[in-house]
$ cat final-v8.csv   # CSV, C-alpha atoms and all ligand atoms
chain,number,residue,atom,x,y,z
A,1,MET,CA,26.7,28.4,-15.7
A,2,LYS,CA,25.1,26.2,-13.1
A,3,THR,CA,26.9,23.2,-11.7
A,4,PRO,CA,25.3,19.7,-12.3
A,5,ALA,CA,24.2,19.7,-8.6
A,6,GLU,CA,22.3,22.9,-9.1
A,7,HIS,CA,20.3,21.4,-11.9
A,8,ARG,CA,19.2,18.5,-9.7
A,9,ALA,CA,15.9,18.3,-7.8
A,10,PRO,CA,16.1,17.2,-4.1
A,11,ALA,CA,16.6,13.5,-3.5
A,12,PHE,CA,13.6,11.3,-3.0
A,13,GLN,CA,12.8,10.3,0.6
A,14,ALA,CA,11.6,7.0,-0.8
A,15,GLY,CA,15.1,6.4,-2.0
A,16,LYS,CA,16.1,5.2,1.5
A,17,THR,CA,13.2,2.6,1.4
A,18,LEU,CA,14.3,1.6,-2.1
A,19,LYS,CA,17.8,0.9,-1.0
A,20,LYS,CA,16.6,-1.2,1.9
A,21,ILE,CA,14.2,-3.2,-0.4
A,22,MET,CA,17.0,-4.0,-2.8
A,23,ALA,CA,19.4,-4.9,0.0
A,24,ASP,CA,16.8,-7.2,1.7
A,25,HIS,CA,16.0,-8.8,-1.7
A,26,PHE,CA,19.6,-9.8,-2.3
A,27,LEU,CA,20.4,-10.7,1.3
A,28,GLU,CA,17.4,-12.9,1.6
A,29,LEU,CA,18.4,-14.7,-1.6
A,30,ASP,CA,21.9,-15.1,-0.4
A,31,ALA,CA,20.8,-16.5,3.0
A,32,ALA,CA,18.4,-19.0,1.3
A,33,ALA,CA,21.1,-20.1,-1.1
A,34,LYS,CA,23.4,-20.8,1.8
A,35,SER,CA,20.9,-22.5,4.2
A,36,ARG,CA,19.0,-24.2,1.4
A,37,GLU,CA,15.8,-23.5,3.5
A,38,ARG,CA,13.9,-21.9,0.6
A,39,LYS,CA,13.9,-22.9,-3.0
A,40,ILE,CA,15.1,-20.3,-5.5
A,41,ALA,CA,13.8,-19.7,-9.0
A,42,TRP,CA,15.5,-17.5,-11.5
A,43,CYS,CA,12.9,-15.6,-13.6
A,44,SER,CA,13.1,-13.4,-16.7
A,45,SER,CA,11.9,-9.9,-16.0
A,46,VAL,CA,8.5,-10.4,-17.7
A,47,GLY,CA,8.3,-14.0,-16.8
A,48,PRO,CA,5.6,-15.8,-14.7
A,49,VAL,CA,6.8,-14.4,-11.3
A,50,GLU,CA,3.3,-14.5,-9.8
A,51,LEU,CA,3.2,-18.3,-10.2
A,52,LEU,CA,6.7,-18.7,-8.8
A,53,ARG,CA,5.8,-16.7,-5.7
A,54,GLY,CA,2.5,-18.5,-5.4
A,55,MET,CA,4.5,-21.8,-5.2
A,56,GLY,CA,6.7,-20.5,-2.5
A,57,PHE,CA,9.9,-19.8,-4.4
A,58,LEU,CA,12.2,-16.9,-3.7
A,59,VAL,CA,12.7,-15.2,-7.1
A,60,TYR,CA,15.9,-13.8,-8.5
A,61,PHE,CA,16.0,-11.8,-11.8
A,62,PRO,CA,19.3,-12.0,-13.8
A,63,GLU,CA,18.3,-8.9,-15.8
A,64,ASN,CA,18.2,-6.9,-12.7
A,65,HIS,CA,21.7,-8.1,-11.8
A,66,ALA,CA,22.8,-7.3,-15.4
A,67,ALA,CA,21.4,-3.8,-15.2
A,68,MET,CA,23.5,-3.3,-12.0
A,69,LEU,CA,26.5,-4.4,-14.0
A,70,GLY,CA,25.7,-1.7,-16.5
A,71,ALA,CA,25.0,1.0,-14.0
A,72,THR,CA,28.2,0.3,-12.1
A,73,ARG,CA,30.1,0.3,-15.5
A,74,MET,CA,31.5,-3.2,-14.7
A,75,ALA,CA,29.8,-4.7,-17.8
A,76,THR,CA,32.0,-3.5,-20.6
A,77,GLU,CA,35.2,-5.3,-19.3
A,78,LEU,CA,33.2,-8.5,-18.5
A,79,ILE,CA,31.5,-8.9,-21.9
A,80,PRO,CA,34.7,-10.3,-23.7
A,81,THR,CA,34.8,-13.3,-21.3
A,82,ALA,CA,31.4,-14.4,-22.6
A,83,ASN,CA,32.4,-13.6,-26.2
A,84,ALA,CA,35.3,-16.1,-25.7
A,85,LEU,CA,32.7,-18.8,-25.0
A,86,GLY,CA,31.1,-18.1,-28.4
A,87,PHE,CA,28.4,-15.6,-27.4
A,88,SER,CA,28.7,-12.9,-30.0
A,89,PRO,CA,29.4,-9.3,-29.1
A,90,GLU,CA,26.3,-8.5,-31.2
A,91,ILE,CA,23.8,-10.3,-28.9
A,92,CYS,CA,22.3,-9.0,-25.7
A,93,SER,CA,24.9,-7.3,-23.5
A,94,TYR,CA,22.9,-8.2,-20.4
A,95,LEU,CA,23.5,-11.8,-21.3
A,96,THR,CA,27.2,-11.4,-22.1
A,97,SER,CA,28.0,-9.2,-19.2
A,98,ASP,CA,26.1,-11.4,-16.7
A,99,ILE,CA,27.8,-14.6,-17.9
A,100,GLY,CA,31.1,-12.8,-17.9
A,101,SER,CA,30.5,-11.6,-14.4
A,102,TYR,CA,29.7,-15.2,-13.2
A,103,LEU,CA,32.8,-16.6,-14.9
A,104,ARG,CA,35.1,-13.8,-13.6
A,105,GLN,CA,33.5,-13.9,-10.2
A,106,LYS,CA,33.0,-10.2,-10.2
A,107,THR,CA,29.6,-8.8,-9.1
A,108,PRO,CA,28.4,-5.4,-7.9
A,109,LEU,CA,26.7,-7.3,-5.1
A,110,SER,CA,30.1,-7.6,-3.4
A,111,LYS,CA,30.5,-3.9,-2.9
A,112,ALA,CA,26.9,-3.1,-2.3
A,113,TYR,CA,25.9,-6.0,0.1
A,114,GLY,CA,29.0,-8.1,0.8
A,115,ILE,CA,27.7,-10.9,-1.4
A,116,ASN,CA,30.2,-12.7,-3.6
A,117,ALA,CA,28.2,-15.2,-5.5
A,118,LEU,CA,24.8,-15.3,-7.2
A,119,PRO,CA,22.1,-17.3,-5.4
A,120,LYS,CA,22.2,-20.8,-6.9
A,121,PRO,CA,18.9,-21.6,-8.6
A,122,ASP,CA,16.7,-24.7,-8.1
A,123,VAL,CA,15.0,-23.9,-11.4
A,124,LEU,CA,15.2,-21.3,-14.2
A,125,VAL,CA,12.0,-20.0,-15.8
A,126,PHE,CA,11.8,-17.7,-18.8
A,127,ASN,CA,9.2,-16.2,-21.2
A,128,THR,CA,10.3,-15.5,-24.8
A,129,ASN,CA,7.8,-12.6,-24.9
A,130,GLN,CA,10.7,-10.2,-24.8
A,131,CYS,CA,13.3,-12.0,-26.9
A,132,ARG,CA,15.1,-15.3,-27.5
A,133,ASP,CA,18.2,-14.2,-25.6
A,134,VAL,CA,16.6,-14.9,-22.2
A,135,GLN,CA,16.2,-18.5,-23.3
A,136,ASP,CA,19.8,-18.9,-24.3
A,137,TRP,CA,21.1,-17.0,-21.3
A,138,PHE,CA,19.1,-19.2,-18.9
A,139,ALA,CA,20.0,-22.4,-20.8
A,140,TRP,CA,23.6,-21.6,-20.2
A,141,TYR,CA,23.1,-21.4,-16.4
A,142,ALA,CA,20.9,-24.5,-16.4
A,143,ARG,CA,23.8,-26.4,-17.9
A,144,GLU,CA,26.2,-24.8,-15.5
A,145,PHE,CA,24.2,-25.5,-12.3
A,146,GLN,CA,22.6,-28.7,-13.6
A,147,VAL,CA,19.1,-27.6,-12.8
A,148,PRO,CA,15.8,-27.7,-14.7
A,149,LEU,CA,15.0,-25.0,-17.3
A,150,LEU,CA,11.3,-24.2,-18.0
A,151,GLY,CA,9.9,-21.8,-20.5
A,152,ILE,CA,6.9,-20.1,-22.0
A,153,PHE,CA,7.2,-19.6,-25.7
A,154,SER,CA,5.2,-16.5,-26.7
A,155,HIS,CA,3.7,-15.3,-29.9
A,156,ARG,CA,5.4,-12.1,-31.1
A,157,ASP,CA,4.8,-9.1,-33.4
A,158,LEU,CA,1.1,-9.2,-32.5
A,159,GLY,CA,-1.5,-6.7,-33.7
A,160,LYS,CA,-4.9,-7.7,-32.4
A,161,ILE,CA,-4.6,-10.3,-29.7
A,162,LYS,CA,-6.8,-13.3,-30.3
A,163,ASP,CA,-8.3,-15.7,-27.8
A,164,TYR,CA,-6.2,-18.6,-29.2
A,165,HIS,CA,-3.1,-16.6,-28.3
A,166,LEU,CA,-4.2,-16.2,-24.7
A,167,GLN,CA,-5.5,-19.8,-24.4
A,168,ASP,CA,-2.1,-21.1,-25.6
A,169,ILE,CA,-0.1,-18.9,-23.2
A,170,ALA,CA,-2.4,-19.6,-20.3
A,171,LYS,CA,-2.1,-23.4,-20.9
A,172,GLN,CA,1.7,-23.1,-21.1
A,173,ILE,CA,1.8,-21.3,-17.7
A,174,GLN,CA,-0.5,-23.9,-16.2
A,175,ASP,CA,1.6,-26.7,-17.6
A,176,LEU,CA,4.6,-25.4,-15.6
A,177,VAL,CA,2.8,-26.4,-12.4
A,178,PRO,CA,3.6,-30.1,-12.1
A,179,ASP,CA,7.3,-29.5,-12.7
A,180,LEU,CA,7.3,-26.6,-10.2
A,181,GLU,CA,5.5,-28.7,-7.6
A,182,ARG,CA,8.1,-31.4,-8.0
A,183,ILE,CA,11.0,-28.9,-7.7
A,184,ALA,CA,9.3,-26.9,-4.8
A,185,GLY,CA,8.5,-30.1,-3.0
A,186,ARG,CA,5.0,-28.8,-2.2
A,187,PRO,CA,1.6,-28.9,-3.9
A,188,PHE,CA,0.2,-25.9,-5.9
A,189,ASP,CA,-1.7,-23.5,-3.6
A,190,LEU,CA,-4.3,-21.6,-5.6
A,191,GLU,CA,-5.0,-19.1,-2.9
A,192,ARG,CA,-1.3,-18.2,-2.5
A,193,PHE,CA,-1.0,-17.8,-6.3
A,194,GLN,CA,-4.1,-15.6,-6.4
A,195,GLU,CA,-2.7,-13.4,-3.7
A,196,ALA,CA,0.5,-12.9,-5.7
A,197,VAL,CA,-1.5,-12.0,-8.7
A,198,ARG,CA,-3.6,-9.5,-6.6
A,199,LEU,CA,-0.4,-7.9,-5.2
A,200,SER,CA,1.1,-7.6,-8.7
A,201,LYS,CA,-2.0,-6.0,-10.0
A,202,THR,CA,-2.0,-3.5,-7.1
A,203,THR,CA,1.7,-2.8,-7.6
A,204,SER,CA,1.0,-2.1,-11.3
A,205,ALA,CA,-1.8,0.3,-10.6
A,206,LEU,CA,0.4,2.2,-8.1
A,207,TRP,CA,3.4,2.3,-10.5
A,208,ARG,CA,1.1,3.6,-13.3
A,209,ALA,CA,-0.1,6.3,-10.9
A,210,CYS,CA,3.5,7.2,-10.0
A,211,LEU,CA,4.5,7.5,-13.7
A,212,GLU,CA,1.4,9.5,-14.5
A,213,THR,CA,2.5,12.3,-12.2
A,214,ALA,CA,5.1,13.1,-14.9
A,215,ALA,CA,2.2,14.4,-17.1
A,216,GLU,CA,2.1,17.5,-14.8
A,217,ARG,CA,4.0,20.7,-15.6
A,218,PRO,CA,6.6,20.9,-14.3
A,219,SER,CA,7.2,17.2,-14.0
A,220,PRO,CA,8.1,16.0,-10.5
A,221,TRP,CA,10.5,13.3,-11.9
A,222,SER,CA,12.1,12.1,-15.0
A,223,PHE,CA,12.8,8.9,-16.9
A,224,PHE,CA,16.2,8.8,-15.2
A,225,ASP,CA,14.4,8.7,-11.8
A,226,HIS,CA,11.8,6.2,-13.1
A,227,SER,CA,14.6,3.8,-14.2
A,228,ILE,CA,15.9,3.7,-10.7
A,229,HIS,CA,12.6,3.6,-8.8
A,230,MET,CA,11.1,0.8,-11.0
A,231,GLY,CA,13.4,-1.7,-9.2
A,232,PRO,CA,10.7,-3.0,-6.8
A,233,ALA,CA,8.2,-3.3,-9.7
A,234,VAL,CA,10.7,-5.8,-11.1
A,235,VAL,CA,12.1,-7.6,-8.1
A,236,ALA,CA,9.3,-7.4,-5.6
A,237,ARG,CA,6.3,-7.6,-8.0
A,238,GLY,CA,3.7,-9.9,-6.3
A,239,THR,CA,4.6,-8.9,-2.8
A,240,GLN,CA,3.3,-6.5,-0.2
A,241,VAL,CA,6.7,-4.9,-0.1
A,242,ALA,CA,6.3,-3.5,-3.6
A,243,VAL,CA,2.7,-2.3,-2.8
A,244,GLU,CA,3.9,-0.3,0.2
A,245,TYR,CA,6.9,1.1,-1.6
A,246,TYR,CA,4.8,2.6,-4.4
A,247,GLU,CA,2.2,4.0,-1.9
A,248,GLN,CA,5.1,5.8,-0.3
A,249,LEU,CA,6.6,7.0,-3.6
A,250,LEU,CA,3.2,8.1,-4.9
A,251,ALA,CA,2.5,10.2,-1.8
A,252,GLU,CA,5.9,11.9,-2.3
A,253,LEU,CA,5.3,12.6,-5.9
A,254,ARG,CA,1.9,14.0,-5.3
A,255,GLU,CA,3.5,16.3,-2.7
A,256,ARG,CA,6.0,17.4,-5.3
A,257,VAL,CA,3.3,18.1,-7.8
A,258,ARG,CA,1.4,20.2,-5.1
A,259,THR,CA,4.5,22.2,-4.3
A,260,ARG,CA,5.6,22.4,-8.0
A,261,THR,CA,8.9,20.8,-7.2
A,262,ALA,CA,10.4,20.2,-10.7
A,263,ALA,CA,12.7,17.3,-11.7
A,264,VAL,CA,14.3,19.8,-14.0
A,265,PRO,CA,14.3,23.3,-12.6
A,266,ASP,CA,12.9,25.8,-15.2
A,267,GLU,CA,11.6,23.0,-17.4
A,268,GLN,CA,11.2,24.2,-21.0
A,269,HIS,CA,11.1,21.1,-23.1
A,270,ARG,CA,9.7,17.6,-22.6
A,271,LEU,CA,10.8,14.4,-24.4
A,272,TYR,CA,9.7,10.8,-24.7
A,273,TRP,CA,12.4,8.1,-24.5
A,274,ASP,CA,12.0,5.0,-26.5
A,275,GLY,CA,14.3,2.0,-26.0
A,276,MET,CA,16.5,0.7,-23.2
A,277,PRO,CA,18.3,3.0,-20.7
A,278,ILE,CA,22.0,3.4,-21.2
A,279,TRP,CA,22.7,2.2,-17.7
A,280,GLY,CA,26.2,3.4,-17.4
A,281,LYS,CA,25.3,6.9,-18.5
A,282,LEU,CA,22.1,7.6,-16.5
A,283,ARG,CA,23.6,10.3,-14.4
A,284,ALA,CA,25.5,12.0,-17.3
A,285,LEU,CA,22.4,12.0,-19.5
A,286,SER,CA,20.2,13.2,-16.7
A,287,GLU,CA,22.6,16.1,-16.1
A,288,LEU,CA,22.9,16.9,-19.8
A,289,PHE,CA,19.1,17.1,-20.2
A,290,ALA,CA,18.8,19.2,-17.0
A,291,SER,CA,21.4,21.6,-18.3
A,292,LEU,CA,19.2,22.0,-21.5
A,293,LYS,CA,16.1,22.6,-19.3
A,294,THR,CA,14.6,19.4,-20.8
A,295,CYS,CA,12.7,16.7,-18.9
A,296,VAL,CA,12.3,13.2,-20.3
A,297,THR,CA,8.8,12.7,-18.9
A,298,ALA,CA,7.9,9.3,-20.2
A,299,SER,CA,9.3,6.1,-21.8
A,300,THR,CA,8.3,2.9,-23.3
A,301,TYR,CA,10.6,1.0,-21.0
A,302,CYS,CA,9.4,2.1,-17.6
A,303,ASN,CA,5.7,1.9,-18.8
A,304,SER,CA,6.4,-1.8,-19.5
A,305,TRP,CA,6.1,-2.8,-15.9
A,306,ILE,CA,2.3,-2.2,-15.7
A,307,TYR,CA,0.2,-5.3,-15.7
A,308,GLU,CA,-3.2,-4.1,-14.7
A,309,GLN,CA,-4.9,-6.9,-16.8
A,310,LEU,CA,-4.0,-9.3,-13.9
A,311,ASP,CA,-7.1,-10.6,-12.2
A,312,PRO,CA,-6.9,-13.0,-9.2
A,313,GLU,CA,-10.3,-14.5,-10.2
A,314,VAL,CA,-8.8,-15.8,-13.5
A,315,PRO,CA,-5.1,-15.9,-12.7
A,316,PHE,CA,-3.8,-18.0,-15.5
A,317,LYS,CA,-5.8,-16.3,-18.3
A,318,SER,CA,-5.1,-12.9,-17.0
A,319,MET,CA,-1.4,-13.5,-16.6
A,320,ALA,CA,-1.4,-14.7,-20.2
A,321,ARG,CA,-3.1,-11.4,-21.2
A,322,ALA,CA,-0.8,-9.2,-19.2
A,323,TYR,CA,2.3,-10.8,-20.5
A,324,THR,CA,1.1,-10.9,-24.1
A,325,GLU,CA,-0.3,-7.3,-24.4
A,326,LEU,CA,3.1,-5.9,-23.6
A,327,PHE,CA,4.5,-3.3,-25.9
A,328,ILE,CA,7.6,-5.4,-26.8
A,329,VAL,CA,5.3,-8.3,-28.0
A,330,ARG,CA,3.4,-6.1,-30.4
A,331,ASN,CA,3.7,-5.1,-34.1
A,332,GLU,CA,4.8,-1.8,-35.6
A,333,GLN,CA,1.3,-0.4,-36.0
A,334,PHE,CA,0.5,-1.0,-32.4
A,335,LYS,CA,3.8,0.5,-31.3
A,336,GLU,CA,3.3,3.6,-33.5
A,337,GLN,CA,-0.1,4.2,-32.0
A,338,TYR,CA,1.1,3.5,-28.4
A,339,ILE,CA,4.0,6.0,-28.7
A,340,ARG,CA,1.8,8.6,-30.2
A,341,GLU,CA,-0.8,8.3,-27.4
A,342,HIS,CA,1.9,8.5,-24.7
A,343,VAL,CA,3.7,11.5,-26.3
A,344,ARG,CA,0.3,13.3,-26.2
A,345,ALA,CA,-0.5,12.2,-22.6
A,346,TYR,CA,2.9,13.3,-21.3
A,347,HIS,CA,3.0,16.6,-23.3
A,348,CYS,CA,6.2,15.7,-25.0
A,349,ASP,CA,7.7,18.0,-27.7
A,350,GLY,CA,9.8,15.3,-29.2
A,351,ILE,CA,10.9,11.6,-29.1
A,352,LEU,CA,14.4,10.2,-28.5
A,353,PHE,CA,14.9,6.7,-29.9
A,354,HIS,CA,17.8,4.9,-28.3
A,355,ASP,CA,18.9,2.3,-30.9
A,356,SER,CA,20.6,-0.1,-28.6
A,357,LYS,CA,23.2,-2.1,-30.5
A,358,THR,CA,22.7,-5.4,-28.7
A,359,CYS,CA,19.0,-5.3,-28.1
A,360,PRO,CA,17.0,-5.1,-31.4
A,361,ASN,CA,14.0,-6.2,-29.4
A,362,ASN,CA,13.8,-3.0,-27.5
A,363,SER,CA,15.0,-0.7,-30.4
A,364,ASN,CA,12.3,0.7,-32.5
A,365,ALA,CA,14.2,3.0,-34.8
A,366,ARG,CA,15.1,0.3,-37.4
A,367,TYR,CA,11.9,0.0,-39.5
A,368,GLY,CA,11.0,3.6,-40.2
A,369,LEU,CA,9.0,4.3,-37.0
A,370,PRO,CA,10.6,7.6,-36.2
A,371,GLN,CA,10.2,8.9,-39.7
A,372,ARG,CA,6.5,7.8,-39.8
A,373,LEU,CA,5.8,9.4,-36.5
A,374,GLN,CA,7.5,12.6,-37.7
A,375,SER,CA,5.7,12.8,-41.0
A,376,VAL,CA,2.3,11.7,-39.9
A,377,SER,CA,2.1,13.4,-36.5
A,378,GLY,CA,4.6,16.2,-36.9
A,379,ILE,CA,6.5,15.0,-33.8
A,380,ALA,CA,10.2,15.8,-33.8
A,381,THR,CA,12.3,12.6,-33.4
A,382,LEU,CA,16.0,11.9,-32.8
A,383,ALA,CA,17.7,8.5,-33.0
A,384,ILE,CA,20.9,7.9,-31.1
A,385,ASN,CA,23.2,4.9,-31.2
A,386,GLY,CA,24.3,3.3,-28.0
A,387,ASP,CA,23.8,0.2,-25.9
A,388,LEU,CA,22.2,-0.8,-22.6
A,389,ASN,CA,25.5,-2.2,-21.1
A,390,ASP,CA,28.3,-2.2,-23.7
A,391,LEU,CA,29.7,1.3,-23.5
A,392,ARG,CA,32.0,0.6,-26.5
A,393,CYS,CA,28.9,1.1,-28.6
A,394,TYR,CA,28.3,4.6,-27.2
A,395,SER,CA,30.0,7.8,-28.1
A,396,GLU,CA,29.4,10.4,-25.4
A,397,GLU,CA,30.6,13.3,-27.5
A,398,GLN,CA,28.6,12.4,-30.6
A,399,THR,CA,25.4,11.9,-28.5
A,400,LYS,CA,25.8,15.1,-26.6
A,401,THR,CA,26.2,17.0,-29.9
A,402,GLN,CA,23.1,15.3,-31.4
A,403,ILE,CA,21.0,16.0,-28.3
A,404,GLU,CA,22.1,19.7,-28.1
A,405,ALA,CA,21.2,20.1,-31.8
A,406,PHE,CA,17.9,18.4,-31.3
A,407,ILE,CA,16.9,20.7,-28.4
A,408,GLU,CA,18.0,23.7,-30.5
A,409,GLN,CA,15.7,22.5,-33.2
A,410,LEU,CA,12.8,22.2,-30.7
A,411,GLU,CA,13.5,25.8,-29.7
A,412,GLU,CA,13.3,27.0,-33.2
A,501,LIG,S1,14.9,-7.7,-24.3
A,501,LIG,FE1,16.9,-7.0,-24.9
A,501,LIG,S2,18.0,-6.4,-23.1
A,501,LIG,FE2,16.3,-7.6,-22.5
A,501,LIG,S3,17.1,-9.7,-22.3
A,501,LIG,FE3,16.2,-9.5,-24.4
A,501,LIG,S4,17.9,-8.8,-25.7
A,501,LIG,FE4,18.5,-8.5,-23.6
$ encode --input "final-v8.csv" --output "structure tokens"
Amino acid sequence: MKTPAEHRAPAFQAGKTLKKIMADHFLELDAAAKSRERKIAWCSSVGPVELLRGMGFLVYFPENHAAMLGATRMATELIPTANALGFSPEICSYLTSDIGSYLRQKTPLSKAYGINALPKPDVLVFNTNQCRDVQDWFAWYAREFQVPLLGIFSHRDLGKIKDYHLQDIAKQIQDLVPDLERIAGRPFDLERFQEAVRLSKTTSALWRACLETAAERPSPWSFFDHSIHMGPAVVARGTQVAVEYYEQLLAELRERVRTRTAAVPDEQHRLYWDGMPIWGKLRALSELFASLKTCVTASTYCNSWIYEQLDPEVPFKSMARAYTELFIVRNEQFKEQYIREHVRAYHCDGILFHDSKTCPNNSNARYGLPQRLQSVSGIATLAINGDLNDLRCYSEEQTKTQIEAFIEQLEE
């Protein structure tokens, strides 16, 4: 029997750059928060970051911090502190662990970067395209810090996207400008905004190209790698830093394809992952799948950071399109078709649905989608229960048994 280390592919060279980008991101925010020389905007992960960068804000993403709380397994013990404030254990565990972290003054940034406090915002900006939780989460911090809260209220469960949807969202984004000008203390700069849109679009194209290398056999990387390397697509989207990072990563992935370096040595099975990562169990799950000679080659989650609809010539309208055409904003028919196409493109034998207890928005196993995919397309599916951050909702033993049985079924 091989040890977990023997199942692992060599580490990515780009990993060193990734670490530096994340460190620079937090250290720059920390310095700005202390010196007050740059204004800071907090933004939801699929919020209007290009506009914020175009207006000169440094941008901080609470969801990224919350994912770190999950990955470092600090989240579970912090969640009850937010529950005591009235935030239910049933709602987003990013929200509850992040607010718990703030109240308890415990953050993974301390150990990683020597930073003990979150960068105080000058404004918080959300888009409800992903869920309502971001609005309530940001509203709590707006009250706490006594700073303005701005939002875009998106249409949801969309099939065909109509022009009136896009006009509405584009107008809402545009309407943020006067408030942001006042908070930033500078006038709107169209060229700077267009540049951020252009860089975001280039980042998206590169990130897509990186993900698409997983269609190769053997795949040079897996969902568990994607979840780590998508960091710059979240926190540095709209900057040259992200563009250069994905150029480096893509070159490395292409070299792995050329040399047939597999993420999972002796790859036999390939799966699609739908739903949130289980942040505190990335390593354990990666090792479990590797031991079963199974590579998770694609996911809805990591594909969500592709916004190639962005167009610097029509920045507001194209932002509206990019942030409305997202998977999470769409109806079940769209999602079924999307997953079917991706399963085919990435040569997957089966689909694993993670039904995340506190994120119904990113859980697609609740309205019969796995069963429809299985009966209509003959694709094997498995739904597991868990959570993105709250490990009390996850049974390692039960999940392991389910996954092992599923792979056996694929073998048969
Ligand atoms: S999409 Fe889910 S995980 Fe993300 S903020 Fe909303 S509820 Fe939380």
$ closest_residue --input "final-v8.csv" --among "A:Asp266, A:Glu191, A:Asp355, A:Glu28" --to "ligand LIG 501 (chain A)" --atoms "only C-alpha atoms and all ligand atoms"
A:Asp355
$ closest_residue --input "final-v8.csv" --among "A:Leu95, A:Leu211, A:Ala33, A:Leu150" --to "Asn64 in chain A" --atoms "only C-alpha atoms"
A:Leu95
$ atom_distance --input "final-v8.csv" --atom1 "CA of Val197 in chain A" --atom2 "CA of Met276 in chain A"
26.4 Å
$ closest_atom_pairs --input "final-v8.csv" --of "chain A" --to "ligand LIG 501 (chain A)" --cutoff "8 Å" --atoms "only C-alpha atoms and all ligand atoms" --output "CSV"
residue,atom,partner,partner_atom,distance
A:Ser44,CA,A:LIG501,S3,7.8
A:Glu63,CA,A:LIG501,S3,6.7
A:Ile91,CA,A:LIG501,S4,6.9
A:Cys92,CA,A:LIG501,FE4,4.4
A:Ser93,CA,A:LIG501,FE4,6.5
A:Tyr94,CA,A:LIG501,FE4,5.4
A:Leu95,CA,A:LIG501,FE4,6.4
A:Gln130,CA,A:LIG501,S1,4.9
A:Cys131,CA,A:LIG501,FE3,4.6
A:Arg132,CA,A:LIG501,FE3,6.7
A:Asp133,CA,A:LIG501,FE3,5.2
A:Val134,CA,A:LIG501,S3,5.2
A:Met276,CA,A:LIG501,S2,7.3
A:Thr358,CA,A:LIG501,S4,6.6
A:Cys359,CA,A:LIG501,FE1,4.2
A:Pro360,CA,A:LIG501,FE1,6.8
A:Asn361,CA,A:LIG501,S1,5.4
A:Asn362,CA,A:LIG501,FE1,5.7
A:Leu388,CA,A:LIG501,S2,7.0
$ residues_around --input "final-v8.csv" --residues "Thr17 in chain A" --least-positions-apart "2" --cutoff "12 Å" --atoms "all atoms listed in the file" --output "VMD selection string"
chain A and resid 12 to 15 19 to 24 229 231 to 232 241 to 242 244 to 249
$ closest_residue --input "final-v8.csv" --among "A:Phe153, A:Phe57, A:Phe406, A:Trp140" --to "Phe289 in chain A" --atoms "only C-alpha atoms"
A:Phe406
$ closest_residue --input "final-v8.csv" --among "A:Ala75, A:Ile384, A:Leu103, A:Ile278" --to "Gln398 in chain A" --atoms "all atoms listed in the file"
A:Ile384
$ closest_residue --input "final-v8.csv" --among "A:His155, A:His342, A:Lys317, A:Arg143" --to "Asn127 in chain A" --atoms "all atoms listed in the file"
A:His155
$ closest_residue --input "final-v8.csv" --among "A:Ile339, A:Ala263, A:Leu51, A:Ala117" --to "Arg198 in chain A" --atoms "only C-alpha atoms"
A:Leu51
$ residues_near_point --input "final-v8.csv" --point "(-4.7, -16.2, -11.3)" --cutoff "10 Å" --atoms "only C-alpha atoms" --output "VMD selection string"
chain A and resid 50 to 51 54 170 190 to 198 310 to 320
$ atom_distance --input "final-v8.csv" --atom1 "CA of Gly100 in chain A" --atom2 "CA of Ile79 in chain A"
5.6 Å
$ residues_around --input "final-v8.csv" --residues "range 213-218 of chain A" --least-positions-apart "2" --cutoff "7 Å" --atoms "all atoms listed in the file" --output "list in words"
Ala209, Cys210, Leu211, Pro220, Trp221, Leu253, Arg260, Ala262, Glu267, Thr297, Ala345, Tyr346 and His347 of chain A
$ write_last_selection --input "final-v8.csv" --atoms "C-alpha atoms" --output "PDB file, keeping the file's coordinate frame"
ATOM      1  CA  ALA A 209      -0.100   6.300 -10.900  1.00  0.00           C
ATOM      2  CA  CYS A 210       3.500   7.200 -10.000  1.00  0.00           C
ATOM      3  CA  LEU A 211       4.500   7.500 -13.700  1.00  0.00           C
ATOM      4  CA  PRO A 220       8.100  16.000 -10.500  1.00  0.00           C
ATOM      5  CA  TRP A 221      10.500  13.300 -11.900  1.00  0.00           C
ATOM      6  CA  LEU A 253       5.300  12.600  -5.900  1.00  0.00           C
ATOM      7  CA  ARG A 260       5.600  22.400  -8.000  1.00  0.00           C
ATOM      8  CA  ALA A 262      10.400  20.200 -10.700  1.00  0.00           C
ATOM      9  CA  GLU A 267      11.600  23.000 -17.400  1.00  0.00           C
ATOM     10  CA  THR A 297       8.800  12.700 -18.900  1.00  0.00           C
ATOM     11  CA  ALA A 345      -0.500  12.200 -22.600  1.00  0.00           C
ATOM     12  CA  TYR A 346       2.900  13.300 -21.300  1.00  0.00           C
ATOM     13  CA  HIS A 347       3.000  16.600 -23.300  1.00  0.00           C
TER      14      HIS A 347
END
$ residues_around --input "final-v8.csv" --residues "His165 in chain A" --least-positions-apart "3" --cutoff "9 Å" --atoms "all atoms listed in the file" --output "ChimeraX atom specification"
/A:154-155,161-162,168-170,320-321,324
$ atom_distance --input "final-v8.csv" --atom1 "CA of Gly47 in chain A" --atom2 "CA of Asp387 in chain A"
22.9 Å
$ residues_around --input "final-v8.csv" --residues "Lys160 in chain A" --least-positions-apart "6" --cutoff "10 Å" --atoms "all atoms listed in the file" --output "ChimeraX atom specification"
/A:325,330-331,334
$ residues_around --input "final-v8.csv" --residues "Met55 in chain A" --least-positions-apart "3" --cutoff "8 Å" --atoms "all atoms listed in the file" --output "list of chain:residue names"
A:Leu51, A:Leu52, A:Leu180, A:Glu181, A:Ala184, A:Arg186, A:Pro187, A:Phe188, A:Asp189, A:Arg192, A:Phe193
$ residues_near_point --input "final-v8.csv" --point "(5.9, 3.4, -33.6)" --cutoff "10 Å" --atoms "all atoms listed in the file" --output "MDAnalysis selection string"
chainID A and resid 274 331:340 364:365 367:373
